[in-house]
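Everything below concerns the one structure shown next.
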Amino acid sequence: MANRPTPFDAIAIDGPAASGKSTVAKVLAQTLGLTMVNSGEMYRAVTLSVLQHGANPSSADEVLGILRGLELSCTVEGGVSRILVSGEHPGEALRSETVNASVSGVAAIPEVRLQLVDLQRSLLKQSDLVMEGRDIGSVVFPETPYKIYIEASESVRSERRAAEGLTDSVSERDRLDRSRKTAPLVVPDGAVVIDSSQLTIDEVVEHSLSNLRELGWFTRNSQDVEG
Ligand code: DC
């Protein structure tokens with residue numbers, strides 16, 4: 001990995017809604033001492049701002065008009081990167097029903113993705129990361145060898161959301177996230193696929209750690225010196 005632009009490495013975790021990837025990413029980050037980044041929060045923050053401004057989330061022009069006026073940045077708290085809008089974390093409103101209903105449409109706008117992918121990539125200049133989302137292994141960090149794709153059956157994923165007390169039409173969001181033209185949800189080239197339907201979080205983490213071991217995560221610095 002000579003001549004790479006950053007000395008840091010990213011573990012990319014992708015998968016559909018409620019596949020368990022956020023929890024797994026959090027536990028992996030704690031276990032490995034890395035910063036965890038939930039990229040979905042960024043798309044949610046833009047969507048929430050659009051709604052708060054009374055703009056139409058289905059209109060790319062209106063969304064981009066709001067986006068141009070937003071001051072987006074990130075801060076790391078307790079090993080987790082949080083999105084800030086004008087210096088403030090938007091809080092629980094990010095996971096509201098109205099945001100759930102509009103976020104996939106906003107995330108399908110190419111210019112929104114360009115700006116947020118830039119922000120996501122900039123975080124790798126500061127530390128090693130576990131970043132989870134829909135296009136992390138395919139678009140944000142396609143060159144990382146550490147790619148994990150976590151899936152689960154649709155019924156299991158809907159039950160998980162309901163158990164959290166959330167109404168979130170995961171199947172509709174997945175349909176939109178998989179069918180959009182720019183950076184659709186796919187299994188990235190080279191990713192290890194883990195089906196979490198019948199597994200506990202600890203089992204998925206164990207599986208991920210053993211895959212990372214096989215992929216050389218724990219010896220990567222010595223590989224750099226040799227390579
Ligand atoms: O991970 P999440 O469910 O909070 O993500 C919310 C939405 O954001 C998801 O339906 C699609 C979009 N998203 C995306 O397009 N690309 C990402 N890397 C992360 C999320």
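We label chains A, B, ... in the order they appear in the structure tokens, count residues from 1 in each chain, and number ligands from 1 in the order shown.
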Exercise. Kindly compile the residues surrounding ligand 1 within 7 Å, counting only C-alpha atoms and all ligand atoms, and format them as a list in words.
Key: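 After applying the 7 Å limit, what remains is Ala17, Asn38, Ser39, Gly40, Glu41, Tyr43, Arg44, Val103, Ser104, Ala107, Ala108, Glu132, Gly133, Arg134, Asp135, Ile136, Arg173, Asp174 and Asp177 of chain A.
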Practice problem: Would you list the contacts of A:Arg160 as a list in words, taking every protein, DNA or RNA residue within 12 Å and counting only C-alpha atoms, but skipping same-chain residues closer than 3 positions in sequence? | Solution: Ala17, Ala18, Ser19, Gly20, Ala152, Ser153, Glu154, Ser155, Val156, Arg157, Ala163, Glu164, Gly165, Leu166, Thr167, Asp168, Ser169, Val170, Ser196 and Ser197 of chain A
Practice problem: May I have the residues within 10 Å of A:Ser59 as a list in words, using only C-alpha atoms and disregarding those fewer than 5 positions away in the same chain? | Solution: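 What passes the distance filter is Leu64, Gly65, Gly105, Val106 and Ile109 of chain A.
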Excluding same-chain residues fewer than 2 positions from A:Ala55, what lies within 12 Å of it counting only C-alpha atoms, as an mmCIF file with all heavy atoms, in the first residue's frame?
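Wrote around-v4.cif, looks like this:
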data_model
loop_
_atom_site.group_PDB
_atom_site.id
_atom_site.type_symbol
_atom_site.label_atom_id
_atom_site.label_comp_id
_atom_site.auth_asym_id
_atom_site.auth_seq_id
_atom_site.Cartn_x
_atom_site.Cartn_y
_atom_site.Cartn_z
ATOM 1 N N VAL A 46 -29.297 15.724 6.135
ATOM 2 C CA VAL A 46 -29.690 16.568 4.998
ATOM 3 C C VAL A 46 -31.211 16.511 4.837
ATOM 4 O O VAL A 46 -31.885 17.539 4.666
ATOM 5 C CB VAL A 46 -28.983 16.111 3.695
ATOM 6 C CG1 VAL A 46 -29.518 16.870 2.489
ATOM 7 C CG2 VAL A 46 -27.469 16.296 3.826
ATOM 8 N N THR A 47 -31.776 15.312 4.943
ATOM 9 C CA THR A 47 -33.231 15.143 4.775
ATOM 10 C C THR A 47 -33.986 15.928 5.841
ATOM 11 O O THR A 47 -34.968 16.629 5.542
ATOM 12 C CB THR A 47 -33.590 13.642 4.866
ATOM 13 O OG1 THR A 47 -32.796 12.931 3.923
ATOM 14 C CG2 THR A 47 -35.064 13.402 4.586
ATOM 15 N N LEU A 48 -33.537 15.820 7.082
ATOM 16 C CA LEU A 48 -34.208 16.538 8.172
ATOM 17 C C LEU A 48 -34.157 18.046 7.930
ATOM 18 O O LEU A 48 -35.159 18.748 8.113
ATOM 19 C CB LEU A 48 -33.527 16.182 9.507
ATOM 20 C CG LEU A 48 -34.104 16.872 10.738
ATOM 21 C CD1 LEU A 48 -35.560 16.460 10.984
ATOM 22 C CD2 LEU A 48 -33.251 16.549 11.985
ATOM 23 N N SER A 49 -33.013 18.556 7.488
ATOM 24 C CA SER A 49 -32.897 19.999 7.235
ATOM 25 C C SER A 49 -33.849 20.437 6.128
ATOM 26 O O SER A 49 -34.479 21.493 6.221
ATOM 27 C CB SER A 49 -31.462 20.363 6.842
ATOM 28 O OG SER A 49 -30.589 20.046 7.877
ATOM 29 N N VAL A 50 -33.959 19.599 5.085
ATOM 30 C CA VAL A 50 -34.888 19.917 3.984
ATOM 31 C C VAL A 50 -36.316 20.026 4.539
ATOM 32 O O VAL A 50 -37.042 20.982 4.259
ATOM 33 C CB VAL A 50 -34.807 18.817 2.892
ATOM 34 C CG1 VAL A 50 -35.962 18.915 1.911
ATOM 35 C CG2 VAL A 50 -33.467 18.900 2.167
ATOM 36 N N LEU A 51 -36.695 19.058 5.360
ATOM 37 C CA LEU A 51 -38.051 19.052 5.921
ATOM 38 C C LEU A 51 -38.253 20.247 6.862
ATOM 39 O O LEU A 51 -39.298 20.903 6.842
ATOM 40 C CB LEU A 51 -38.313 17.739 6.667
ATOM 41 C CG LEU A 51 -38.316 16.471 5.785
ATOM 42 C CD1 LEU A 51 -38.300 15.202 6.642
ATOM 43 C CD2 LEU A 51 -39.520 16.462 4.849
ATOM 44 N N GLN A 52 -37.236 20.540 7.670
ATOM 45 C CA GLN A 52 -37.365 21.661 8.620
ATOM 46 C C GLN A 52 -37.487 23.001 7.910
ATOM 47 O O GLN A 52 -38.097 23.925 8.425
ATOM 48 C CB GLN A 52 -36.151 21.685 9.564
ATOM 49 C CG GLN A 52 -36.229 20.602 10.626
ATOM 50 C CD GLN A 52 -34.948 20.475 11.437
ATOM 51 O OE1 GLN A 52 -33.861 20.858 10.972
ATOM 52 N NE2 GLN A 52 -35.053 19.926 12.635
ATOM 53 N N HIS A 53 -36.912 23.083 6.701
ATOM 54 C CA HIS A 53 -37.025 24.329 5.931
ATOM 55 C C HIS A 53 -38.322 24.380 5.122
ATOM 56 O O HIS A 53 -38.546 25.317 4.357
ATOM 57 C CB HIS A 53 -35.832 24.489 4.974
ATOM 58 C CG HIS A 53 -34.575 24.945 5.660
ATOM 59 N ND1 HIS A 53 -33.721 24.092 6.299
ATOM 60 C CD2 HIS A 53 -34.045 26.191 5.818
ATOM 61 C CE1 HIS A 53 -32.708 24.769 6.816
ATOM 62 N NE2 HIS A 53 -32.879 26.042 6.539
ATOM 63 N N PRO A 57 -38.728 17.282 -0.315
ATOM 64 C CA PRO A 57 -37.619 16.337 -0.444
ATOM 65 C C PRO A 57 -37.630 15.569 -1.763
ATOM 66 O O PRO A 57 -36.633 14.953 -2.132
ATOM 67 C CB PRO A 57 -37.829 15.380 0.748
ATOM 68 C CG PRO A 57 -39.253 15.522 1.138
ATOM 69 C CD PRO A 57 -39.684 16.901 0.739
ATOM 70 N N SER A 58 -38.754 15.630 -2.512
ATOM 71 C CA SER A 58 -38.803 14.943 -3.812
ATOM 72 C C SER A 58 -38.290 15.825 -4.941
ATOM 73 O O SER A 58 -38.203 15.374 -6.090
ATOM 74 C CB SER A 58 -40.241 14.540 -4.152
ATOM 75 O OG SER A 58 -40.786 13.823 -3.095
ATOM 76 N N SER A 59 -38.000 17.095 -4.642
ATOM 77 C CA SER A 59 -37.500 17.995 -5.687
ATOM 78 C C SER A 59 -35.985 18.156 -5.530
ATOM 79 O O SER A 59 -35.505 18.732 -4.547
ATOM 80 C CB SER A 59 -38.185 19.370 -5.569
ATOM 81 O OG SER A 59 -37.378 20.362 -6.161
ATOM 82 N N ALA A 60 -35.227 17.643 -6.515
ATOM 83 C CA ALA A 60 -33.757 17.756 -6.430
ATOM 84 C C ALA A 60 -33.340 19.220 -6.341
ATOM 85 O O ALA A 60 -32.433 19.568 -5.578
ATOM 86 C CB ALA A 60 -33.113 17.080 -7.641
ATOM 87 N N ASP A 61 -34.027 20.105 -7.075
ATOM 88 C CA ASP A 61 -33.650 21.526 -7.042
ATOM 89 C C ASP A 61 -33.810 22.097 -5.640
ATOM 90 O O ASP A 61 -32.948 22.820 -5.138
ATOM 91 C CB ASP A 61 -34.529 22.338 -8.013
ATOM 92 C CG ASP A 61 -34.080 22.122 -9.450
ATOM 93 O OD1 ASP A 61 -32.975 21.569 -9.634
ATOM 94 O OD2 ASP A 61 -34.846 22.489 -10.368
ATOM 95 N N GLU A 62 -34.933 21.761 -5.014
ATOM 96 C CA GLU A 62 -35.171 22.308 -3.669
ATOM 97 C C GLU A 62 -34.181 21.717 -2.660
ATOM 98 O O GLU A 62 -33.655 22.417 -1.798
ATOM 99 C CB GLU A 62 -36.625 22.053 -3.224
ATOM 100 C CG GLU A 62 -37.612 22.884 -4.023
ATOM 101 C CD GLU A 62 -39.029 22.881 -3.441
ATOM 102 O OE1 GLU A 62 -39.177 22.791 -2.203
ATOM 103 O OE2 GLU A 62 -39.985 22.954 -4.238
ATOM 104 N N VAL A 63 -33.918 20.408 -2.790
ATOM 105 C CA VAL A 63 -32.967 19.768 -1.868
ATOM 106 C C VAL A 63 -31.584 20.413 -2.023
ATOM 107 O O VAL A 63 -30.926 20.762 -1.038
ATOM 108 C CB VAL A 63 -32.884 18.239 -2.131
ATOM 109 C CG1 VAL A 63 -31.717 17.616 -1.369
ATOM 110 C CG2 VAL A 63 -34.196 17.564 -1.750
ATOM 111 N N LEU A 64 -31.167 20.620 -3.283
ATOM 112 C CA LEU A 64 -29.823 21.182 -3.502
ATOM 113 C C LEU A 64 -29.760 22.638 -3.043
ATOM 114 O O LEU A 64 -28.727 23.097 -2.552
ATOM 115 C CB LEU A 64 -29.426 21.044 -4.976
ATOM 116 C CG LEU A 64 -29.283 19.576 -5.422
ATOM 117 C CD1 LEU A 64 -28.932 19.480 -6.902
ATOM 118 C CD2 LEU A 64 -28.232 18.843 -4.585
ATOM 119 N N GLY A 65 -30.868 23.340 -3.162
ATOM 120 C CA GLY A 65 -30.929 24.721 -2.646
ATOM 121 C C GLY A 65 -30.681 24.736 -1.140
ATOM 122 O O GLY A 65 -29.922 25.568 -0.632
ATOM 123 N N ILE A 66 -31.290 23.817 -0.421
ATOM 124 C CA ILE A 66 -31.087 23.743 1.038
ATOM 125 C C ILE A 66 -29.655 23.289 1.337
ATOM 126 O O ILE A 66 -28.964 23.863 2.185
ATOM 127 C CB ILE A 66 -32.101 22.755 1.690
ATOM 128 C CG1 ILE A 66 -33.539 23.214 1.449
ATOM 129 C CG2 ILE A 66 -31.804 22.590 3.180
ATOM 130 C CD1 ILE A 66 -33.903 24.547 2.063
ATOM 131 N N LEU A 67 -29.196 22.263 0.594
ATOM 132 C CA LEU A 67 -27.857 21.707 0.848
ATOM 133 C C LEU A 67 -26.777 22.792 0.724
ATOM 134 O O LEU A 67 -25.845 22.850 1.526
ATOM 135 C CB LEU A 67 -27.584 20.555 -0.133
ATOM 136 C CG LEU A 67 -26.239 19.844 -0.001
ATOM 137 C CD1 LEU A 67 -26.108 19.143 1.347
ATOM 138 C CD2 LEU A 67 -26.056 18.818 -1.131
ATOM 139 N N SER A 102 -38.526 9.875 3.662
ATOM 140 C CA SER A 102 -37.980 10.718 2.584
ATOM 141 C C SER A 102 -36.501 10.503 2.305
ATOM 142 O O SER A 102 -35.986 10.960 1.277
ATOM 143 C CB SER A 102 -38.172 12.202 2.933
ATOM 144 O OG SER A 102 -39.530 12.489 3.107
ATOM 145 N N VAL A 106 -33.848 11.480 -1.091
ATOM 146 C CA VAL A 106 -32.780 12.496 -0.997
ATOM 147 C C VAL A 106 -31.427 11.853 -1.300
ATOM 148 O O VAL A 106 -30.585 12.428 -2.006
ATOM 149 C CB VAL A 106 -32.800 13.155 0.414
ATOM 150 C CG1 VAL A 106 -31.578 14.024 0.630
ATOM 151 C CG2 VAL A 106 -34.097 13.959 0.609
#
Quiz prompt | Two-atom distance - atom CA of A:Lys125, atom CA of A:Ile148 (Å) | solution = 21.4 Å
Exercise. Name the residues of stretch 79-119 of chain A that come out as helix (DSSP H, G or I) in a backbone DSSP run; write them as a PyMOL selection string.
Key: chain A and resi 91-95+97-107+110-119
Quiz item: Can you tell me, as a list of chain:residue names, what residues are no more than 7 Å from stretch 75-84 of chain A when counting only C-alpha atoms, ignoring any on the same chain fewer than 5 positions away?
Solution: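 That gives A:Leu34, A:Thr35, A:Met36, A:Val37, A:Glu41, A:Met42, A:His89.
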Export of the given selection (N, CA, C and O atoms) as a PDB file, in the first residue's frame:
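Output below, filename selection10.pdb:
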ATOM      1  N   LEU A  34     -11.283   1.745  17.104  1.00  0.00           N
ATOM      2  CA  LEU A  34     -11.392   2.586  15.903  1.00  0.00           C
ATOM      3  C   LEU A  34     -12.557   3.567  16.046  1.00  0.00           C
ATOM      4  O   LEU A  34     -13.437   3.379  16.880  1.00  0.00           O
ATOM      5  N   THR A  35     -12.581   4.558  15.191  1.00  0.00           N
ATOM      6  CA  THR A  35     -13.725   5.468  15.143  1.00  0.00           C
ATOM      7  C   THR A  35     -14.816   4.846  14.281  1.00  0.00           C
ATOM      8  O   THR A  35     -14.542   4.346  13.192  1.00  0.00           O
ATOM      9  N   MET A  36     -16.042   4.878  14.787  1.00  0.00           N
ATOM     10  CA  MET A  36     -17.176   4.328  14.030  1.00  0.00           C
ATOM     11  C   MET A  36     -17.915   5.478  13.343  1.00  0.00           C
ATOM     12  O   MET A  36     -18.164   6.510  13.963  1.00  0.00           O
ATOM     13  N   VAL A  37     -18.238   5.290  12.074  1.00  0.00           N
ATOM     14  CA  VAL A  37     -18.980   6.313  11.334  1.00  0.00           C
ATOM     15  C   VAL A  37     -20.244   5.703  10.754  1.00  0.00           C
ATOM     16  O   VAL A  37     -20.184   4.722  10.001  1.00  0.00           O
ATOM     17  N   GLU A  41     -26.492   8.614   8.912  1.00  0.00           N
ATOM     18  CA  GLU A  41     -26.826   9.837   9.678  1.00  0.00           C
ATOM     19  C   GLU A  41     -26.661  11.080   8.820  1.00  0.00           C
ATOM     20  O   GLU A  41     -27.368  12.061   8.991  1.00  0.00           O
ATOM     21  N   MET A  42     -25.682  11.029   7.910  1.00  0.00           N
ATOM     22  CA  MET A  42     -25.411  12.218   7.089  1.00  0.00           C
ATOM     23  C   MET A  42     -26.568  12.451   6.106  1.00  0.00           C
ATOM     24  O   MET A  42     -27.014  13.572   5.912  1.00  0.00           O
ATOM     25  N   HIS A  89     -25.550  18.609  16.716  1.00  0.00           N
ATOM     26  CA  HIS A  89     -26.072  17.307  16.290  1.00  0.00           C
ATOM     27  C   HIS A  89     -27.597  17.373  16.320  1.00  0.00           C
ATOM     28  O   HIS A  89     -28.175  17.798  17.327  1.00  0.00           O
TER      29      HIS A  89
END
Quiz item: Interatomic distance between atom CA of A:Gly137 and atom CA of A:Leu212?
Solution: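 Between atom CA of A:Gly137 and atom CA of A:Leu212 the gap is 14.2 Å.
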Practice problem: For A:Leu28, work out the shell of residues within 10 Å, counting only C-alpha atoms and skipping chain neighbours fewer than 6 positions away, then give it as a list in words. | Solution: Ile11, Ser22, Leu34, Thr35, Met36, Val130, Asp202, Val204, Val205, Glu206, Ser208 and Leu209 of chain A
With N, CA and C atoms retained, could you export that selection as a PDB file, in the first residue's frame?
ATOM      1  N   ILE A  11     -12.509  -0.008   7.504  1.00  0.00           N
ATOM      2  CA  ILE A  11     -13.291  -1.238   7.386  1.00  0.00           C
ATOM      3  C   ILE A  11     -14.674  -0.798   6.893  1.00  0.00           C
ATOM      4  N   SER A  22     -25.193  -1.416  11.974  1.00  0.00           N
ATOM      5  CA  SER A  22     -24.772  -0.322  12.871  1.00  0.00           C
ATOM      6  C   SER A  22     -24.258  -0.872  14.190  1.00  0.00           C
ATOM      7  N   LEU A  34     -11.283   1.745  17.104  1.00  0.00           N
ATOM      8  CA  LEU A  34     -11.392   2.586  15.903  1.00  0.00           C
ATOM      9  C   LEU A  34     -12.557   3.567  16.046  1.00  0.00           C
ATOM     10  N   THR A  35     -12.581   4.558  15.191  1.00  0.00           N
ATOM     11  CA  THR A  35     -13.725   5.468  15.143  1.00  0.00           C
ATOM     12  C   THR A  35     -14.816   4.846  14.281  1.00  0.00           C
ATOM     13  N   MET A  36     -16.042   4.878  14.787  1.00  0.00           N
ATOM     14  CA  MET A  36     -17.176   4.328  14.030  1.00  0.00           C
ATOM     15  C   MET A  36     -17.915   5.478  13.343  1.00  0.00           C
ATOM     16  N   VAL A 130     -14.234   2.382  11.161  1.00  0.00           N
ATOM     17  CA  VAL A 130     -15.238   1.419  10.709  1.00  0.00           C
ATOM     18  C   VAL A 130     -16.380   2.293  10.203  1.00  0.00           C
ATOM     19  N   ASP A 202     -23.141 -10.851  18.772  1.00  0.00           N
ATOM     20  CA  ASP A 202     -21.803 -11.357  19.126  1.00  0.00           C
ATOM     21  C   ASP A 202     -21.287 -12.329  18.068  1.00  0.00           C
ATOM     22  N   VAL A 204     -22.091 -12.354  14.863  1.00  0.00           N
ATOM     23  CA  VAL A 204     -21.721 -11.609  13.640  1.00  0.00           C
ATOM     24  C   VAL A 204     -20.375 -10.909  13.850  1.00  0.00           C
ATOM     25  N   VAL A 205     -20.174 -10.379  15.072  1.00  0.00           N
ATOM     26  CA  VAL A 205     -18.894  -9.713  15.358  1.00  0.00           C
ATOM     27  C   VAL A 205     -17.750 -10.733  15.280  1.00  0.00           C
ATOM     28  N   GLU A 206     -17.957 -11.911  15.881  1.00  0.00           N
ATOM     29  CA  GLU A 206     -16.937 -12.970  15.839  1.00  0.00           C
ATOM     30  C   GLU A 206     -16.559 -13.330  14.401  1.00  0.00           C
ATOM     31  N   SER A 208     -17.003 -11.489  11.773  1.00  0.00           N
ATOM     32  CA  SER A 208     -16.337 -10.348  11.130  1.00  0.00           C
ATOM     33  C   SER A 208     -14.877 -10.303  11.539  1.00  0.00           C
ATOM     34  N   LEU A 209     -14.614 -10.520  12.849  1.00  0.00           N
ATOM     35  CA  LEU A 209     -13.228 -10.466  13.328  1.00  0.00           C
ATOM     36  C   LEU A 209     -12.384 -11.560  12.683  1.00  0.00           C
TER      37      LEU A 209
END
Self-check item: Using only C-alpha atoms: which of A:Leu114, A:Ala162, A:Gly91, A:Leu129 has the shortest distance to A:Gly33
Solution: A:Leu129
